[in-house]
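Participant: model-v4.cif is reproduced in full below (mmCIF, C-alpha atoms).
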```cif
data_protein
#
loop_
_atom_site.label_atom_id
_atom_site.label_comp_id
_atom_site.auth_asym_id
_atom_site.auth_seq_id
_atom_site.Cartn_x
_atom_site.Cartn_y
_atom_site.Cartn_z
CA MET A 9 0.00 0.00 0.00
CA SER A 10 1.53 3.29 -1.06
CA ASP A 11 1.96 6.24 1.24
CA VAL A 12 -0.35 8.27 -0.97
CA ILE A 13 -3.23 5.83 -0.51
CA GLU A 14 -2.60 5.85 3.24
CA GLN A 15 -2.72 9.64 3.21
CA ILE A 16 -6.00 9.62 1.25
CA LYS A 17 -7.51 7.21 3.77
CA THR A 18 -6.34 9.38 6.66
CA ASP A 19 -7.71 12.52 5.00
CA VAL A 20 -11.17 11.12 4.33
CA THR A 21 -11.54 9.45 7.71
CA SER A 22 -10.21 12.25 9.91
CA ASN A 23 -12.03 15.10 8.13
CA ASP A 24 -15.80 15.40 7.75
CA VAL A 25 -15.61 16.90 4.27
CA VAL A 26 -12.69 16.59 1.86
CA LEU A 27 -12.45 17.91 -1.69
CA PHE A 28 -9.79 16.56 -4.01
CA MET A 29 -9.50 19.33 -6.56
CA LYS A 30 -7.33 21.10 -9.10
CA GLY A 31 -5.92 24.09 -7.28
CA SER A 32 -6.94 25.17 -3.79
CA LYS A 33 -10.22 26.41 -2.37
CA LYS A 34 -8.76 29.93 -2.46
CA ILE A 35 -7.43 29.56 -6.01
CA PRO A 36 -9.23 26.81 -7.95
CA GLN A 37 -7.48 26.03 -11.24
CA CYS A 38 -10.30 24.30 -13.09
CA GLY A 39 -13.91 25.29 -13.67
CA PHE A 40 -15.28 22.01 -12.32
CA SER A 41 -13.25 22.26 -9.13
CA PHE A 42 -14.32 25.88 -8.77
CA VAL A 43 -18.00 24.89 -8.94
CA VAL A 44 -17.75 22.32 -6.14
CA ALA A 45 -15.57 24.55 -3.93
CA SER A 46 -18.09 27.40 -4.44
CA ILE A 47 -21.00 25.17 -3.45
CA LEU A 48 -19.25 24.16 -0.23
CA GLU A 49 -18.39 27.79 0.51
CA ARG A 50 -21.99 28.81 -0.10
CA LEU A 51 -23.21 26.12 2.29
CA GLU A 52 -20.57 27.42 4.72
CA VAL A 53 -19.16 23.96 5.15
CA GLU A 54 -15.67 23.59 6.53
CA PHE A 55 -13.65 21.30 4.30
CA LEU A 56 -10.15 20.10 3.64
CA ASP A 57 -8.91 20.86 0.14
CA ARG A 58 -6.29 18.63 -1.46
CA ASN A 59 -4.66 19.97 -4.60
CA VAL A 60 -3.99 17.14 -7.05
CA LEU A 61 -2.01 19.45 -9.34
CA ALA A 62 0.61 19.76 -6.62
CA ASP A 63 1.06 15.98 -6.48
CA PRO A 64 0.91 13.87 -9.67
CA GLU A 65 0.82 10.66 -7.66
CA LEU A 66 -2.19 11.87 -5.66
CA ARG A 67 -3.89 12.80 -8.93
CA GLU A 68 -3.56 9.22 -10.19
CA GLN A 69 -4.14 7.43 -6.89
CA ILE A 70 -7.33 9.27 -5.97
CA LYS A 71 -8.86 8.12 -9.28
CA ALA A 72 -7.97 4.53 -8.48
CA PHE A 73 -9.05 4.87 -4.83
CA SER A 74 -12.51 6.16 -5.75
CA ASP A 75 -12.75 4.24 -9.04
CA TRP A 76 -13.73 7.56 -10.57
CA PRO A 77 -11.98 8.98 -13.65
CA THR A 78 -12.19 12.72 -13.06
CA ILE A 79 -11.33 15.52 -10.61
CA PRO A 80 -12.88 17.05 -8.46
CA GLN A 81 -13.99 14.38 -6.04
CA LEU A 82 -16.02 15.09 -2.92
CA TYR A 83 -15.95 12.95 0.23
CA VAL A 84 -18.29 13.31 3.20
CA LYS A 85 -17.56 11.28 6.35
CA GLY A 86 -15.37 8.92 4.36
CA GLU A 87 -17.98 8.32 1.69
CA PHE A 88 -17.43 9.24 -1.95
CA ILE A 89 -20.30 11.54 -2.97
CA GLY A 90 -19.37 12.28 -6.58
CA GLY A 91 -17.77 14.74 -8.92
CA CYS A 92 -18.91 18.12 -10.16
CA ASP A 93 -22.14 17.05 -11.91
CA ILE A 94 -23.48 14.95 -9.04
CA THR A 95 -22.53 17.54 -6.42
CA ARG A 96 -24.22 20.31 -8.39
CA GLU A 97 -27.35 18.24 -8.93
CA MET A 98 -27.51 17.39 -5.22
CA TYR A 99 -26.94 21.02 -4.27
CA GLU A 100 -29.68 22.29 -6.56
CA SER A 101 -32.20 19.72 -5.31
CA GLY A 102 -31.33 20.37 -1.68
CA GLU A 103 -30.07 16.81 -1.20
CA LEU A 104 -26.54 17.91 -0.42
CA ALA A 105 -27.59 20.19 2.43
CA ALA A 106 -29.87 17.43 3.73
CA LEU A 107 -27.06 14.87 3.56
CA LEU A 108 -24.65 17.16 5.42
CA GLN A 109 -27.21 17.86 8.13
CA GLU A 110 -28.04 14.19 8.44
CA LYS A 111 -24.33 13.49 8.97
CA GLY A 112 -24.22 16.19 11.65
CA ILE A 113 -22.05 18.59 9.67
CA LYS A 114 -22.58 22.27 10.27
CA THR A 115 -23.92 24.21 7.28
CA ALA A 116 -25.48 27.57 6.53
CA ALA A 117 -28.89 25.94 7.28
CA MET B 10 -7.72 15.22 -27.28
CA PRO B 11 -10.96 15.55 -29.22
CA MET B 12 -13.47 12.81 -29.79
CA HIS B 13 -16.21 12.95 -32.38
CA ALA B 14 -19.79 13.24 -31.24
CA GLU B 15 -20.85 10.25 -33.38
CA GLU B 16 -18.28 8.10 -31.62
CA ILE B 17 -19.61 9.02 -28.18
CA GLU B 18 -23.20 8.53 -29.29
CA THR B 19 -22.41 5.12 -30.76
CA LEU B 20 -20.70 3.93 -27.58
CA LEU B 21 -23.58 5.13 -25.42
CA ALA B 22 -26.24 3.76 -27.74
CA THR B 23 -24.53 0.37 -27.56
CA ALA B 24 -24.52 0.38 -23.76
CA PHE B 25 -28.03 1.87 -23.43
CA PRO B 26 -29.91 0.51 -26.44
CA GLU B 27 -33.29 1.18 -24.84
CA GLY B 28 -32.24 4.61 -23.58
CA GLU B 29 -32.27 8.14 -24.87
CA ILE B 30 -29.01 9.96 -25.42
CA GLU B 31 -28.81 13.70 -25.77
CA LEU B 32 -25.32 14.96 -26.53
CA VAL B 33 -24.37 18.61 -26.77
CA ASP B 34 -21.00 19.82 -28.03
CA LEU B 35 -20.64 22.75 -25.65
CA ALA B 36 -17.78 24.56 -27.33
CA GLY B 37 -17.99 23.24 -30.87
CA ASP B 38 -14.50 21.76 -30.51
CA ASN B 39 -15.29 18.02 -30.11
CA ASP B 40 -13.70 18.28 -26.68
CA HIS B 41 -16.28 19.70 -24.27
CA TYR B 42 -19.55 17.84 -24.17
CA SER B 43 -22.63 17.60 -22.07
CA VAL B 44 -24.64 14.40 -22.21
CA THR B 45 -27.97 13.38 -20.73
CA VAL B 46 -28.65 9.65 -20.69
CA THR B 47 -32.17 8.49 -19.88
CA SER B 48 -32.34 4.78 -19.16
CA GLU B 49 -34.30 2.19 -17.19
CA GLN B 50 -30.92 0.64 -16.35
CA PHE B 51 -30.36 3.41 -13.78
CA ARG B 52 -33.41 2.55 -11.70
CA GLY B 53 -32.58 1.63 -8.12
CA LYS B 54 -28.92 2.60 -8.48
CA SER B 55 -27.05 5.42 -6.76
CA ARG B 56 -25.94 8.43 -8.79
CA VAL B 57 -22.32 7.39 -8.46
CA ILE B 58 -23.11 3.97 -9.93
CA GLN B 59 -25.24 5.55 -12.69
CA HIS B 60 -22.41 7.84 -13.73
CA LYS B 61 -19.91 4.98 -13.60
CA MET B 62 -22.14 3.07 -16.01
CA VAL B 63 -21.86 6.00 -18.42
CA PHE B 64 -18.07 6.24 -17.96
CA ASN B 65 -17.70 2.49 -18.51
CA ALA B 66 -19.72 2.71 -21.71
CA LEU B 67 -17.15 5.18 -23.01
CA ASN B 68 -14.33 2.64 -22.70
CA GLY B 69 -11.99 4.76 -20.64
CA ALA B 70 -12.33 7.86 -22.83
CA MET B 71 -13.03 9.86 -19.67
CA ASP B 72 -9.54 9.08 -18.38
CA SER B 73 -7.64 10.17 -21.40
CA THR B 74 -9.41 11.22 -24.57
CA LEU B 75 -12.10 13.64 -23.50
CA HIS B 76 -11.24 16.88 -21.81
CA ALA B 77 -14.67 17.47 -20.37
CA LEU B 78 -17.93 15.61 -20.36
CA GLN B 79 -20.76 16.76 -18.15
CA VAL B 80 -22.98 13.84 -17.33
CA LYS B 81 -26.61 13.80 -16.28
CA THR B 82 -28.42 10.54 -15.77
CA VAL B 83 -32.20 10.30 -15.77
CA ILE B 84 -34.58 7.50 -14.91
CA PRO B 85 -37.59 7.46 -17.25
CA GLN B 86 -40.79 8.63 -15.58
CA GLY B 87 -43.38 5.91 -15.86
CA GLU B 88 -47.02 6.24 -15.01
CA THR B 89 -47.50 7.83 -11.66
CA ASN B 90 -49.92 6.73 -9.01
CA VAL B 91 -50.83 10.26 -8.01
#
```
Reformat the file's structure so that it appears as structure tokens.
Facilitator:
Amino acid sequence: MSDVIEQIKTDVTSNDVVLFMKGSKKIPQCGFSFVVASILERLEVEFLDRNVLADPELREQIKAFSDWPTIPQLYVKGEFIGGCDITREMYESGELAALLQEKGIKTAA
Amino acid sequence: MPMHAEEIETLLATAFPEGEIELVDLAGDNDHYSVTVTSEQFRGKSRVIQHKMVFNALNGAMDSTLHALQVKTVIPQGETNV
């Protein structure tokens, strides 16, 4: 088991919400990552951002770990929620806020 | 790397023969697409699984070939009991 996979596991289990993204939450470097980071900011959810552009191995390993071919990738309480399209759909329908509340994560209500 | 719309439609039509596929070339460059797949095959499955079914139908093109493909999966609305 590589160190990168171990780090991913630690990240998603010791943080309520983790976003693997291109760039950082302050400076997203891809439109899809920007969308998901913006949604989390709007819901006022605290989250850990991991920049895959800063680590080529992380960029490859997170795809294998989630069995998901694209970035960004959102995790809540260790569970893979989806990429940009799914997160946006869940945000627009109110499911994302409901899921976060159900998991006891503080949001903007 | 671009991928022709017909190629994507053929792959999806093969995987979802009973479904409806609506593909939009967002930028007119064969590289940024949006697709809506409506299929009975999605019923009872989570969104993550539904999207994986679409990715799998594209034979790994999501990993390498296509720059951007927005995916929306829809379950056909049958008769309602309302």
Participant: Within 6 Å of Tyr42 of chain B, counting all atoms listed in the file, which residues show up once you throw out same-chain ones fewer than 4 positions away? Write them as a PDB file with C-alpha atoms, keeping the file's coordinate frame, please.
Facilitator:
```pdb
ATOM      1  CA  VAL B  33     -24.370  18.610 -26.770  1.00  0.00           C
ATOM      2  CA  ASP B  34     -21.000  19.820 -28.030  1.00  0.00           C
ATOM      3  CA  LEU B  35     -20.640  22.750 -25.650  1.00  0.00           C
ATOM      4  CA  LEU B  78     -17.930  15.610 -20.360  1.00  0.00           C
TER       5      LEU B  78
END
```
Participant: Kindly provide, as a PyMOL selection string, the residues of chain A having any atom no farther than 7 Å from an atom of chain B, counting all atoms listed in the file.
Facilitator: chain A and resi 77-78+90+93-94
Participant: Go through A:Leu56, A:Ala62, A:Leu107, A:Ala116 one by one, measure the shortest atom-to-atom distance of each to Asp24 of chain A using all atoms listed in the file, and give the residue with the smallest value.
Facilitator: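 Answer, going by the shortest atom-to-atom distance: A:Leu56.
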Participant: Apply the PyMOL selection byres ((chain A and resi 46) around 12) to the displayed file and report the matching residues as a PyMOL selection string.
Facilitator: chain A and resi 27+29+32-36+39-45+47-55+92+95-96+99
Participant: Can I get the selected residues back with C-alpha atoms, as a tab-separated table (two decimals), keeping the file's coordinate frame?
Facilitator:
```
chain	number	residue	atom	x	y	z
A	27	LEU	CA	-12.45	17.91	-1.69
A	29	MET	CA	-9.50	19.33	-6.56
A	32	SER	CA	-6.94	25.17	-3.79
A	33	LYS	CA	-10.22	26.41	-2.37
A	34	LYS	CA	-8.76	29.93	-2.46
A	35	ILE	CA	-7.43	29.56	-6.01
A	36	PRO	CA	-9.23	26.81	-7.95
A	39	GLY	CA	-13.91	25.29	-13.67
A	40	PHE	CA	-15.28	22.01	-12.32
A	41	SER	CA	-13.25	22.26	-9.13
A	42	PHE	CA	-14.32	25.88	-8.77
A	43	VAL	CA	-18.00	24.89	-8.94
A	44	VAL	CA	-17.75	22.32	-6.14
A	45	ALA	CA	-15.57	24.55	-3.93
A	47	ILE	CA	-21.00	25.17	-3.45
A	48	LEU	CA	-19.25	24.16	-0.23
A	49	GLU	CA	-18.39	27.79	0.51
A	50	ARG	CA	-21.99	28.81	-0.10
A	51	LEU	CA	-23.21	26.12	2.29
A	52	GLU	CA	-20.57	27.42	4.72
A	53	VAL	CA	-19.16	23.96	5.15
A	54	GLU	CA	-15.67	23.59	6.53
A	55	PHE	CA	-13.65	21.30	4.30
A	92	CYS	CA	-18.91	18.12	-10.16
A	95	THR	CA	-22.53	17.54	-6.42
A	96	ARG	CA	-24.22	20.31	-8.39
A	99	TYR	CA	-26.94	21.02	-4.27
```
Participant: For Lys17 of chain A, which residue out of A:Glu87, A:Glu97, A:Glu103, A:Glu65 is the nearest one, using only C-alpha atoms?
Facilitator: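 Ranking A:Glu87, A:Glu97, A:Glu103, A:Glu65 by distance to Lys17 of chain A, first place goes to A:Glu87.
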Participant: Within 7 Å of Ile79 of chain A, counting all atoms listed in the file, which residues qualify if same-chain residues fewer than 2 places away don't, as a PyMOL selection string?
Facilitator: chain A and resi 28-29+81+91
Participant: I'd like the contact shell of Pro26 of chain B - 12 Å cut-off, only C-alpha atoms, skipping same-chain residues fewer than 6 positions apart - returned as a short mmCIF file (atom, residue, chain, number, x, y, z; two decimals) with C-alpha atoms, in the frame of the given file.
Facilitator:
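The resulting file, around.cif, is shown below:
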```cif
data_model
loop_
_atom_site.label_atom_id
_atom_site.label_comp_id
_atom_site.auth_asym_id
_atom_site.auth_seq_id
_atom_site.Cartn_x
_atom_site.Cartn_y
_atom_site.Cartn_z
CA GLU B 18 -23.20 8.53 -29.29
CA THR B 19 -22.41 5.12 -30.76
CA LEU B 20 -20.70 3.93 -27.58
CA VAL B 46 -28.65 9.65 -20.69
CA THR B 47 -32.17 8.49 -19.88
CA SER B 48 -32.34 4.78 -19.16
CA GLU B 49 -34.30 2.19 -17.19
CA GLN B 50 -30.92 0.64 -16.35
CA ALA B 66 -19.72 2.71 -21.71
#
```
Participant: At what distance in Å, to one decimal, does atom CA of Glu31 of chain B lie from atom CA of Thr45 of chain B?
Facilitator: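 Atom-to-atom, atom CA of Thr45 of chain B and atom CA of Glu31 of chain B are spaced 5.1 Å apart.
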Participant: Distance atom CA of Gly53 of chain B-atom CA of Phe25 of chain B, one decimal place?
Facilitator: 16.0 Å
Participant: Could I get segment 67-89 of chain B rebuilt with N, CA and C atoms, written as a PDB file, in the frame of the given file?
Facilitator:
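Written out: part-v1.pdb:
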```pdb
ATOM      1  N   LEU B  67     -18.050   4.409 -22.154  1.00  0.00           N
ATOM      2  CA  LEU B  67     -17.150   5.180 -23.010  1.00  0.00           C
ATOM      3  C   LEU B  67     -15.748   4.572 -23.083  1.00  0.00           C
ATOM      4  N   ASN B  68     -15.595   3.384 -22.546  1.00  0.00           N
ATOM      5  CA  ASN B  68     -14.330   2.640 -22.700  1.00  0.00           C
ATOM      6  C   ASN B  68     -13.098   3.411 -22.269  1.00  0.00           C
ATOM      7  N   GLY B  69     -13.185   4.085 -21.144  1.00  0.00           N
ATOM      8  CA  GLY B  69     -11.990   4.760 -20.640  1.00  0.00           C
ATOM      9  C   GLY B  69     -11.685   6.106 -21.291  1.00  0.00           C
ATOM     10  N   ALA B  70     -12.585   6.561 -22.178  1.00  0.00           N
ATOM     11  CA  ALA B  70     -12.330   7.860 -22.830  1.00  0.00           C
ATOM     12  C   ALA B  70     -12.302   8.997 -21.812  1.00  0.00           C
ATOM     13  N   MET B  71     -13.013   8.819 -20.701  1.00  0.00           N
ATOM     14  CA  MET B  71     -13.030   9.860 -19.670  1.00  0.00           C
ATOM     15  C   MET B  71     -11.656  10.065 -19.066  1.00  0.00           C
ATOM     16  N   ASP B  72     -10.859   8.997 -19.006  1.00  0.00           N
ATOM     17  CA  ASP B  72      -9.540   9.080 -18.380  1.00  0.00           C
ATOM     18  C   ASP B  72      -8.562   9.846 -19.245  1.00  0.00           C
ATOM     19  N   SER B  73      -8.709   9.700 -20.551  1.00  0.00           N
ATOM     20  CA  SER B  73      -7.640  10.170 -21.400  1.00  0.00           C
ATOM     21  C   SER B  73      -8.133  11.065 -22.539  1.00  0.00           C
ATOM     22  N   THR B  74      -9.090  10.577 -23.302  1.00  0.00           N
ATOM     23  CA  THR B  74      -9.410  11.220 -24.570  1.00  0.00           C
ATOM     24  C   THR B  74     -10.157  12.539 -24.390  1.00  0.00           C
ATOM     25  N   LEU B  75     -11.223  12.479 -23.607  1.00  0.00           N
ATOM     26  CA  LEU B  75     -12.100  13.640 -23.500  1.00  0.00           C
ATOM     27  C   LEU B  75     -11.586  14.617 -22.461  1.00  0.00           C
ATOM     28  N   HIS B  76     -11.631  15.881 -22.808  1.00  0.00           N
ATOM     29  CA  HIS B  76     -11.240  16.880 -21.810  1.00  0.00           C
ATOM     30  C   HIS B  76     -12.361  17.071 -20.791  1.00  0.00           C
ATOM     31  N   ALA B  77     -13.577  17.198 -21.292  1.00  0.00           N
ATOM     32  CA  ALA B  77     -14.670  17.470 -20.370  1.00  0.00           C
ATOM     33  C   ALA B  77     -15.983  16.903 -20.883  1.00  0.00           C
ATOM     34  N   LEU B  78     -16.610  16.136 -20.040  1.00  0.00           N
ATOM     35  CA  LEU B  78     -17.930  15.610 -20.360  1.00  0.00           C
ATOM     36  C   LEU B  78     -18.807  15.774 -19.130  1.00  0.00           C
ATOM     37  N   GLN B  79     -19.794  16.645 -19.244  1.00  0.00           N
ATOM     38  CA  GLN B  79     -20.760  16.760 -18.150  1.00  0.00           C
ATOM     39  C   GLN B  79     -21.789  15.664 -18.333  1.00  0.00           C
ATOM     40  N   VAL B  80     -22.076  14.983 -17.244  1.00  0.00           N
ATOM     41  CA  VAL B  80     -22.980  13.840 -17.330  1.00  0.00           C
ATOM     42  C   VAL B  80     -24.219  14.091 -16.486  1.00  0.00           C
ATOM     43  N   LYS B  81     -25.374  13.806 -17.058  1.00  0.00           N
ATOM     44  CA  LYS B  81     -26.610  13.800 -16.280  1.00  0.00           C
ATOM     45  C   LYS B  81     -27.334  12.502 -16.602  1.00  0.00           C
ATOM     46  N   THR B  82     -27.706  11.800 -15.563  1.00  0.00           N
ATOM     47  CA  THR B  82     -28.420  10.540 -15.770  1.00  0.00           C
ATOM     48  C   THR B  82     -29.862  10.708 -15.294  1.00  0.00           C
ATOM     49  N   VAL B  83     -30.781  10.141 -16.062  1.00  0.00           N
ATOM     50  CA  VAL B  83     -32.200  10.300 -15.770  1.00  0.00           C
ATOM     51  C   VAL B  83     -32.881   8.946 -15.833  1.00  0.00           C
ATOM     52  N   ILE B  84     -33.759   8.710 -14.884  1.00  0.00           N
ATOM     53  CA  ILE B  84     -34.580   7.500 -14.910  1.00  0.00           C
ATOM     54  C   ILE B  84     -35.905   7.871 -15.556  1.00  0.00           C
ATOM     55  N   PRO B  85     -36.341   7.114 -16.565  1.00  0.00           N
ATOM     56  CA  PRO B  85     -37.590   7.460 -17.250  1.00  0.00           C
ATOM     57  C   PRO B  85     -38.757   7.510 -16.257  1.00  0.00           C
ATOM     58  N   GLN B  86     -39.616   8.510 -16.441  1.00  0.00           N
ATOM     59  CA  GLN B  86     -40.790   8.630 -15.580  1.00  0.00           C
ATOM     60  C   GLN B  86     -41.898   7.747 -16.149  1.00  0.00           C
ATOM     61  N   GLY B  87     -42.285   6.754 -15.397  1.00  0.00           N
ATOM     62  CA  GLY B  87     -43.380   5.910 -15.860  1.00  0.00           C
ATOM     63  C   GLY B  87     -44.698   6.534 -15.464  1.00  0.00           C
ATOM     64  N   GLU B  88     -45.726   5.749 -15.474  1.00  0.00           N
ATOM     65  CA  GLU B  88     -47.020   6.240 -15.010  1.00  0.00           C
ATOM     66  C   GLU B  88     -46.914   6.494 -13.517  1.00  0.00           C
ATOM     67  N   THR B  89     -47.549   7.546 -13.080  1.00  0.00           N
ATOM     68  CA  THR B  89     -47.500   7.830 -11.660  1.00  0.00           C
ATOM     69  C   THR B  89     -48.793   7.352 -11.006  1.00  0.00           C
TER      70      THR B  89
END
```
